[in-house]
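Okay, query14.cif is below, mmCIF, C-alpha atoms and all ligand atoms:
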```cif
data_entry
loop_
_atom_site.label_atom_id
_atom_site.label_comp_id
_atom_site.auth_asym_id
_atom_site.auth_seq_id
_atom_site.Cartn_x
_atom_site.Cartn_y
_atom_site.Cartn_z
CA MET B 1 0.00 0.00 0.00
CA ASN B 2 1.70 3.19 -1.21
CA LYS B 3 0.73 6.32 0.70
CA PHE B 4 -0.90 9.02 -1.41
CA THR B 5 1.33 12.02 -0.71
CA THR B 6 1.51 15.59 -1.98
CA ALA B 7 4.09 14.30 -4.51
CA SER B 8 1.48 11.74 -5.65
CA PHE B 9 -0.82 14.65 -6.55
CA ILE B 10 1.73 16.06 -9.01
CA LYS B 11 2.62 12.57 -10.33
CA ALA B 12 -1.07 11.78 -10.81
CA LYS B 13 -1.46 14.83 -13.05
CA GLU B 14 1.63 13.88 -15.08
CA GLU B 15 0.38 10.31 -15.52
CA GLY B 16 -3.28 11.20 -16.16
CA HIS B 17 -4.58 9.48 -13.00
CA LYS B 18 -7.70 11.41 -11.92
CA ILE B 19 -7.49 12.21 -8.20
CA SER B 20 -10.45 11.22 -6.01
CA MET B 21 -11.15 13.33 -2.94
CA LEU B 22 -14.10 13.30 -0.52
CA THR B 23 -14.78 15.12 2.70
CA ALA B 24 -15.03 13.29 6.03
CA TYR B 25 -15.35 14.55 9.57
CA ASP B 26 -15.21 11.43 11.76
CA TYR B 27 -13.24 8.22 12.30
CA SER B 28 -15.77 5.64 11.03
CA THR B 29 -16.49 7.46 7.78
CA ALA B 30 -12.79 8.14 7.16
CA LYS B 31 -12.06 4.43 7.64
CA LEU B 32 -14.75 3.47 5.10
CA LEU B 33 -13.43 5.98 2.55
CA GLU B 34 -9.91 4.70 3.12
CA GLU B 35 -11.03 1.06 2.64
CA ALA B 36 -12.81 2.11 -0.58
CA GLY B 37 -9.50 3.52 -1.86
CA VAL B 38 -10.12 7.28 -2.05
CA ASP B 39 -6.86 9.19 -2.71
CA SER B 40 -7.44 12.09 -0.37
CA ILE B 41 -9.78 13.08 2.47
CA LEU B 42 -10.62 16.71 3.07
CA VAL B 43 -11.75 17.65 6.54
CA GLY B 44 -13.66 20.60 5.12
CA ASP B 45 -15.08 23.46 7.12
CA SER B 46 -18.33 22.37 5.43
CA LEU B 47 -18.54 20.40 8.68
CA GLY B 48 -20.09 23.59 10.08
CA MET B 49 -23.15 22.96 7.93
CA VAL B 50 -23.38 19.18 7.61
CA MET B 51 -22.12 18.16 11.08
CA LEU B 52 -22.84 21.14 13.32
CA GLY B 53 -26.00 22.53 11.69
CA TYR B 54 -24.76 26.09 11.06
CA GLU B 55 -26.07 28.03 8.08
CA HIS B 56 -22.56 28.83 6.79
CA THR B 57 -18.95 27.79 7.39
CA LEU B 58 -18.13 31.10 9.09
CA GLN B 59 -18.88 29.92 12.62
CA VAL B 60 -16.39 27.04 12.46
CA THR B 61 -13.43 27.47 14.82
CA LEU B 62 -9.87 26.16 14.73
CA GLU B 63 -10.75 23.97 17.74
CA ASP B 64 -13.64 22.42 15.74
CA MET B 65 -11.28 21.72 12.86
CA ILE B 66 -8.60 20.15 15.08
CA HIS B 67 -11.18 17.98 16.86
CA HIS B 68 -12.61 16.55 13.60
CA THR B 69 -9.27 16.30 11.77
CA LYS B 70 -7.84 14.24 14.64
CA ALA B 71 -10.75 11.79 14.40
CA VAL B 72 -10.39 11.45 10.62
CA ALA B 73 -6.60 10.98 10.77
CA ARG B 74 -7.07 8.01 13.14
CA GLY B 75 -9.06 6.18 10.44
CA VAL B 76 -6.58 6.75 7.61
CA LYS B 77 -3.42 4.91 6.52
CA ARG B 78 -3.02 5.66 2.80
CA ALA B 79 -5.05 8.71 1.85
CA LEU B 80 -3.71 12.25 2.19
CA VAL B 81 -5.61 14.11 4.93
CA ILE B 82 -6.16 17.83 4.30
CA GLY B 83 -7.45 20.06 7.09
CA ASP B 84 -9.35 23.22 6.15
CA MET B 85 -8.17 26.42 7.80
CA PRO B 86 -11.32 28.09 9.12
CA PHE B 87 -12.52 31.66 8.61
CA LEU B 88 -10.06 34.31 9.90
CA SER B 89 -7.46 31.75 10.98
CA TYR B 90 -5.12 32.89 8.16
CA HIS B 91 -5.97 36.54 7.59
CA VAL B 92 -4.56 38.44 10.57
CA SER B 93 -0.81 37.86 10.14
CA VAL B 94 1.75 35.47 8.72
CA GLU B 95 2.80 34.48 12.26
CA GLU B 96 -0.74 33.59 13.31
CA THR B 97 -1.30 31.69 10.05
CA ILE B 98 1.76 29.50 10.62
CA LYS B 99 0.81 28.91 14.26
CA ASN B 100 -2.76 27.93 13.34
CA ALA B 101 -1.75 25.71 10.41
CA GLY B 102 0.89 24.14 12.67
CA ARG B 103 -1.84 23.17 15.14
CA LEU B 104 -3.82 21.42 12.39
CA ILE B 105 -0.69 19.42 11.56
CA GLN B 106 0.64 18.78 15.09
CA GLU B 107 -2.61 18.31 17.03
CA GLY B 108 -4.99 17.39 14.21
CA ASN B 109 -2.50 15.10 12.44
CA ALA B 110 -3.41 16.55 9.02
CA HIS B 111 -0.84 16.05 6.27
CA ALA B 112 -1.69 19.39 4.62
CA VAL B 113 -3.92 22.44 4.99
CA LYS B 114 -6.32 24.20 2.62
CA LEU B 115 -6.87 27.97 2.42
CA GLU B 116 -9.42 29.91 0.37
CA GLY B 117 -8.21 32.76 -1.83
CA GLY B 118 -5.48 33.97 -4.20
CA LYS B 119 -3.43 37.15 -4.46
CA GLU B 120 -4.73 38.64 -1.19
CA ILE B 121 -3.34 35.75 0.92
CA ILE B 122 -0.31 34.84 -1.19
CA ASP B 123 2.16 36.01 1.51
CA LYS B 124 0.55 33.55 3.97
CA ILE B 125 0.75 30.67 1.49
CA GLU B 126 4.41 31.38 0.71
CA ALA B 127 5.20 31.47 4.44
CA LEU B 128 3.42 28.15 5.07
CA VAL B 129 5.30 26.45 2.25
CA LYS B 130 8.58 27.86 3.63
CA ALA B 131 7.59 26.43 7.02
CA GLN B 132 7.26 23.00 5.32
CA ILE B 133 3.48 22.91 5.60
CA PRO B 134 1.91 21.60 2.38
CA VAL B 135 -0.86 23.84 1.07
CA CYS B 136 -3.88 23.14 -1.11
CA GLY B 137 -5.40 26.29 -2.65
CA HIS B 138 -9.10 26.98 -3.19
CA LEU B 139 -10.42 29.38 -5.89
CA GLY B 140 -13.73 30.23 -7.53
CA LEU B 141 -16.63 30.02 -5.11
CA THR B 142 -14.91 30.37 -1.75
CA PRO B 143 -17.66 29.79 0.86
CA GLN B 144 -15.90 31.78 3.60
CA SER B 145 -16.48 34.88 1.40
CA VAL B 146 -20.23 34.26 1.16
CA ASN B 147 -21.06 37.68 2.58
CA MET B 148 -18.74 39.45 0.13
CA MET B 149 -20.03 37.41 -2.82
CA GLY B 150 -23.68 37.98 -1.86
CA GLY B 151 -24.51 34.27 -1.78
CA TYR B 152 -23.30 30.99 -3.22
CA LYS B 153 -23.01 31.87 -6.92
CA VAL B 154 -21.08 30.49 -9.89
CA GLN B 155 -17.85 32.49 -10.20
CA GLY B 156 -15.75 33.45 -13.23
CA LYS B 157 -18.53 33.89 -15.76
CA ASP B 158 -17.40 37.39 -16.82
CA GLU B 159 -14.01 38.34 -18.26
CA ALA B 160 -12.69 40.23 -15.23
CA GLN B 161 -13.61 37.49 -12.75
CA ALA B 162 -12.31 34.74 -15.03
CA LYS B 163 -8.98 36.57 -15.54
CA LYS B 164 -8.61 37.02 -11.77
CA ILE B 165 -9.13 33.28 -11.16
CA ILE B 166 -6.56 32.38 -13.86
CA GLU B 167 -4.06 34.88 -12.41
CA ASP B 168 -4.68 33.57 -8.87
CA ALA B 169 -4.15 29.97 -10.00
CA LYS B 170 -0.75 30.92 -11.46
CA LEU B 171 0.21 32.81 -8.29
CA LEU B 172 -0.75 29.81 -6.14
CA GLU B 173 1.33 27.53 -8.35
CA ALA B 174 4.33 29.88 -8.07
CA ALA B 175 3.85 30.00 -4.27
CA GLY B 176 4.24 26.19 -4.14
CA VAL B 177 0.77 24.73 -3.53
CA PHE B 178 0.46 21.02 -4.36
CA ALA B 179 -3.15 21.26 -5.64
CA ILE B 180 -5.93 23.79 -6.19
CA VAL B 181 -9.62 23.20 -5.52
CA LEU B 182 -11.74 24.96 -8.16
CA GLU B 183 -15.29 25.41 -6.91
CA CYS B 184 -18.32 26.35 -8.97
CA ILE B 185 -16.72 27.84 -12.08
CA PRO B 186 -17.59 27.20 -15.75
CA GLU B 187 -16.20 23.95 -17.15
CA LYS B 188 -14.27 25.67 -19.97
CA LEU B 189 -12.56 28.05 -17.54
CA ALA B 190 -11.57 25.11 -15.31
CA GLN B 191 -10.21 23.32 -18.40
CA LEU B 192 -8.12 26.35 -19.40
CA ILE B 193 -6.70 26.65 -15.86
CA SER B 194 -5.99 22.91 -15.65
CA GLU B 195 -4.10 23.08 -18.96
CA SER B 196 -2.18 26.22 -17.93
CA ILE B 197 -0.61 25.01 -14.68
CA ASN B 198 1.39 21.96 -13.58
CA VAL B 199 -0.29 21.48 -10.19
CA PRO B 200 -3.48 19.40 -10.26
CA THR B 201 -6.87 21.06 -10.09
CA ILE B 202 -9.57 19.38 -8.00
CA GLY B 203 -13.02 20.34 -9.19
CA ILE B 204 -16.29 20.71 -7.36
CA GLY B 205 -18.87 22.09 -9.75
CA ALA B 206 -16.06 22.81 -12.22
CA GLY B 207 -16.65 20.10 -14.81
CA LYS B 208 -14.82 17.03 -16.02
CA TYR B 209 -11.53 18.52 -17.25
CA CYS B 210 -10.13 19.06 -13.75
CA ASP B 211 -7.36 16.71 -12.64
CA GLY B 212 -9.53 15.33 -9.83
CA GLN B 213 -12.91 15.74 -8.17
CA VAL B 214 -14.13 16.38 -4.64
CA LEU B 215 -17.62 16.18 -3.12
CA VAL B 216 -19.02 16.62 0.35
CA ILE B 217 -19.70 13.08 1.62
CA GLN B 218 -23.12 13.91 3.11
CA ASP B 219 -24.20 15.33 -0.28
CA MET B 220 -23.09 12.35 -2.36
CA LEU B 221 -24.61 9.86 0.10
CA GLY B 222 -27.94 11.71 0.29
CA MET B 223 -27.65 12.54 4.00
CA TYR B 224 -27.96 16.34 3.85
CA ASN B 225 -30.88 17.90 2.03
CA ASN B 226 -30.89 21.50 3.33
CA LEU B 227 -29.10 22.64 0.19
CA THR B 228 -28.37 20.50 -2.89
CA PRO B 229 -26.19 22.30 -5.43
CA LYS B 230 -26.56 21.41 -9.14
CA PHE B 231 -23.07 19.85 -9.21
CA VAL B 232 -23.87 17.17 -6.62
CA LYS B 233 -24.41 13.61 -7.82
CA LYS B 234 -26.11 11.37 -5.26
CA TYR B 235 -24.44 7.97 -5.26
CA ALA B 236 -26.71 6.65 -2.50
CA ASP B 237 -29.82 7.65 -0.59
CA LEU B 238 -28.61 6.89 2.91
CA GLY B 239 -30.93 9.55 4.35
CA SER B 240 -33.96 7.44 3.36
CA SER B 241 -32.26 4.21 4.45
CA ILE B 242 -31.45 5.68 7.87
CA LYS B 243 -35.02 6.94 8.35
CA GLU B 244 -36.50 3.56 7.32
CA ALA B 245 -34.18 1.72 9.72
CA VAL B 246 -35.09 4.02 12.62
CA ILE B 247 -38.84 3.68 11.89
CA SER B 248 -38.45 -0.16 11.98
CA TYR B 249 -36.46 0.04 15.22
CA CYS B 250 -39.06 2.22 16.97
CA GLY B 251 -41.89 -0.02 15.73
CA GLU B 252 -40.17 -3.24 16.84
CA ILE B 253 -39.59 -1.85 20.33
CA GLN B 254 -43.32 -1.07 20.65
CA GLU B 255 -44.30 -4.51 19.30
CA GLY B 256 -41.82 -6.40 21.52
CA VAL B 257 -40.08 -7.83 18.44
CA PHE B 258 -36.71 -6.35 19.45
CA PRO B 259 -34.64 -7.45 21.30
CA GLU B 260 -34.81 -11.19 20.41
CA LYS B 261 -33.28 -14.06 22.38
CA LYS B 262 -30.05 -13.85 20.34
CA HIS B 263 -29.53 -10.26 21.53
CA THR B 264 -29.83 -11.06 25.26
CA PHE B 265 -27.63 -12.53 28.03
CA THR B 266 -28.52 -15.40 30.42
CA ILE B 267 -28.07 -16.11 34.14
CA ASP B 268 -28.62 -19.54 35.76
CA ASP B 269 -31.91 -20.18 37.60
CA GLU B 270 -30.18 -21.01 40.95
CA THR B 271 -28.56 -17.59 41.07
CA MET B 272 -31.81 -15.93 40.08
CA LYS B 273 -33.71 -17.65 42.95
CA LYS B 274 -31.29 -16.09 45.42
CA LEU B 275 -32.13 -12.64 44.20
CA TYR B 276 -35.83 -12.73 45.11
O1 LIG U 301 -15.31 22.69 3.15
C1 LIG U 301 -15.37 21.92 2.19
O2 LIG U 301 -15.94 20.82 2.26
C2 LIG U 301 -14.74 22.33 0.95
C3 LIG U 301 -15.09 21.56 -0.29
C4 LIG U 301 -16.46 21.94 -0.72
C5 LIG U 301 -14.09 21.72 -1.36
O3 LIG U 301 -14.00 23.27 0.92
#
```
Kindly return the structure encoded in the file as structure tokens.
Amino acid sequence: MNKFTTASFIKAKEEGHKISMLTAYDYSTAKLLEEAGVDSILVGDSLGMVMLGYEHTLQVTLEDMIHHTKAVARGVKRALVIGDMPFLSYHVSVEETIKNAGRLIQEGNAHAVKLEGGKEIIDKIEALVKAQIPVCGHLGLTPQSVNMMGGYKVQGKDEAQAKKIIEDAKLLEAAGVFAIVLECIPEKLAQLISESINVPTIGIGAGKYCDGQVLVIQDMLGMYNNLTPKFVKKYADLGSSIKEAVISYCGEIQEGVFPEKKHTFTIDDETMKKLY
């Protein structure tokens, strides 16, 4: 079993192997994804919505991220674990950025960190790479900027926006990132970026020409229905399966069908007599 490392990302692009990435936020799910052979697991700050029930990712703290990244890392042997840096954990100063990313690596056991943005945070990305912390970039729809963007909208549809995303991708490559997530941008723009840089692009709502794909696990398993973006493909309907199982469980308790003999423990009659 060869570990999937940051070097494997670059090699995958060179060799035409499409990189598979999914989010996970807990040990059991991470272990299942690992057993299924996913290349990389992102502990996304999307956990704020799908695990903690917040409306956005903005409320997620560094402590939340460390807590969930630690759990995921325990379930993983081969895949590369990426921990998301939460809102404002990399904006104040270079020093604070390195300290916060360092905690995700040292305490959370992440192999790498992900930051949203381009030119405006390039000094932080360069400093992290210098500090030997592998960085995954994130361009296009960057959910931590939801209030600046005025909602979750496709990005890069006009010339100025598209040019900015292309320029940012090149800056991130020059700063030394090992991959760039491209979220919610037109397929042709994602194709142009993927062909213009040597680091792999990981698409989410960015079409099939990216060098890999990522989805939020709750979305692709049909476990989170508050918001279903167009780019999500549901590979299972676990939400319905879970509800059906719980309805059966509640019904069987009422009917005395569960637990059965095979689920119970025995004690000998002599001992029982002494208890009355
Ligand atoms: O937080 C997250 O899950 C992400 C993915 C949507 C790429 O950033």
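For the choices B:Ile165, B:Val50, B:Leu22, B:Ile10, the atom-to-atom distance to Asn225 in chain B is smallest for B:Val50 when using only C-alpha atoms.
For ligand LIG 301 (chain U), the neighbouring polymer residues at 6 Å or closer are Thr23, Gly44, Asp45, Ser46 and Val216 of chain B, all atoms listed in the file being used.
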> Could you name the residues that touch range 110-115 of chain B at 8 Å or less, counting only C-alpha atoms, but leaving out those on the same chain fewer than 4 positions away, as a PyMOL selection string?
Replying inline: chain B and resi 69-70+73+80-85+90+101+104-106+133-138
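Proximity to Ala179 in chain B was assessed for B:Gly212, B:Gly256, B:Gly239, B:Gly151 counting all atoms listed in the file; the smallest distance is recorded for B:Gly212.
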>> Please determine, counting all atoms listed in the file, which residue among B:Lys77, B:Leu215, B:Gly156, B:Lys124 has the shortest atom-to-atom distance to Val43 in chain B.
In response: B:Leu215
Return the padded bounding box of range 61-78 of chain B as JSON: axis-aligned, built from all atoms listed in the file, 6 Å added on each side, with centre and edge lengths in Å to one decimal.
```
{"center_x": -8.3, "center_y": 16.2, "center_z": 10.3, "size_x": 22.6, "size_y": 34.6, "size_z": 26.9}
```
> Residues at most 7 Å from range 200-209 of chain B, counting only C-alpha atoms, excluding those fewer than 6 positions away in the same chain, as number ranges by chain?
Replying inline: B: 9-10, 13, 179-187, 190-191, 194, 215, 231
> Which is closest to Ser40 in chain B among B:Thr6, B:Ser240, B:Gln161, B:Asn147, if we use all atoms listed in the file?
Replying inline: B:Thr6
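Using all atoms listed in the file, the nearest neighbour of Leu33 in chain B within the list B:Glu15, B:Tyr249, B:Ile121, B:Val72 is B:Val72.
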>> Between B:Lys31, B:Asn109, B:Glu195, B:Glu63, which residue has the minimum interatomic distance to Ala169 in chain B, considering all atoms listed in the file?
In response: B:Glu195
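One finds CA of Glu107 in chain B at 15.3 Å from CA of Pro86 in chain B.
CA of Leu42 in chain B is found 24.6 Å from CA of Leu192 in chain B.
Between CA of Asp39 in chain B and CA of Glu116 in chain B there is a distance of 21.1 Å.
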Using all atoms listed in the file, what table do you get, as a Markdown table, when you list each residue of range 121-170 of chain B with an atom no more than 12 Å from range 226-229 of chain B, its nearest pair of atoms, and their distance in Å rounded to one decimal, rows by chain then rising number?
```
| residue | atom | partner | partner_atom | distance |
| --- | --- | --- | --- | --- |
| B:Tyr152 | CA | B:Pro229 | CA | 9.4 |
| B:Lys153 | CA | B:Pro229 | CA | 10.2 |
| B:Val154 | CA | B:Pro229 | CA | 10.6 |
```
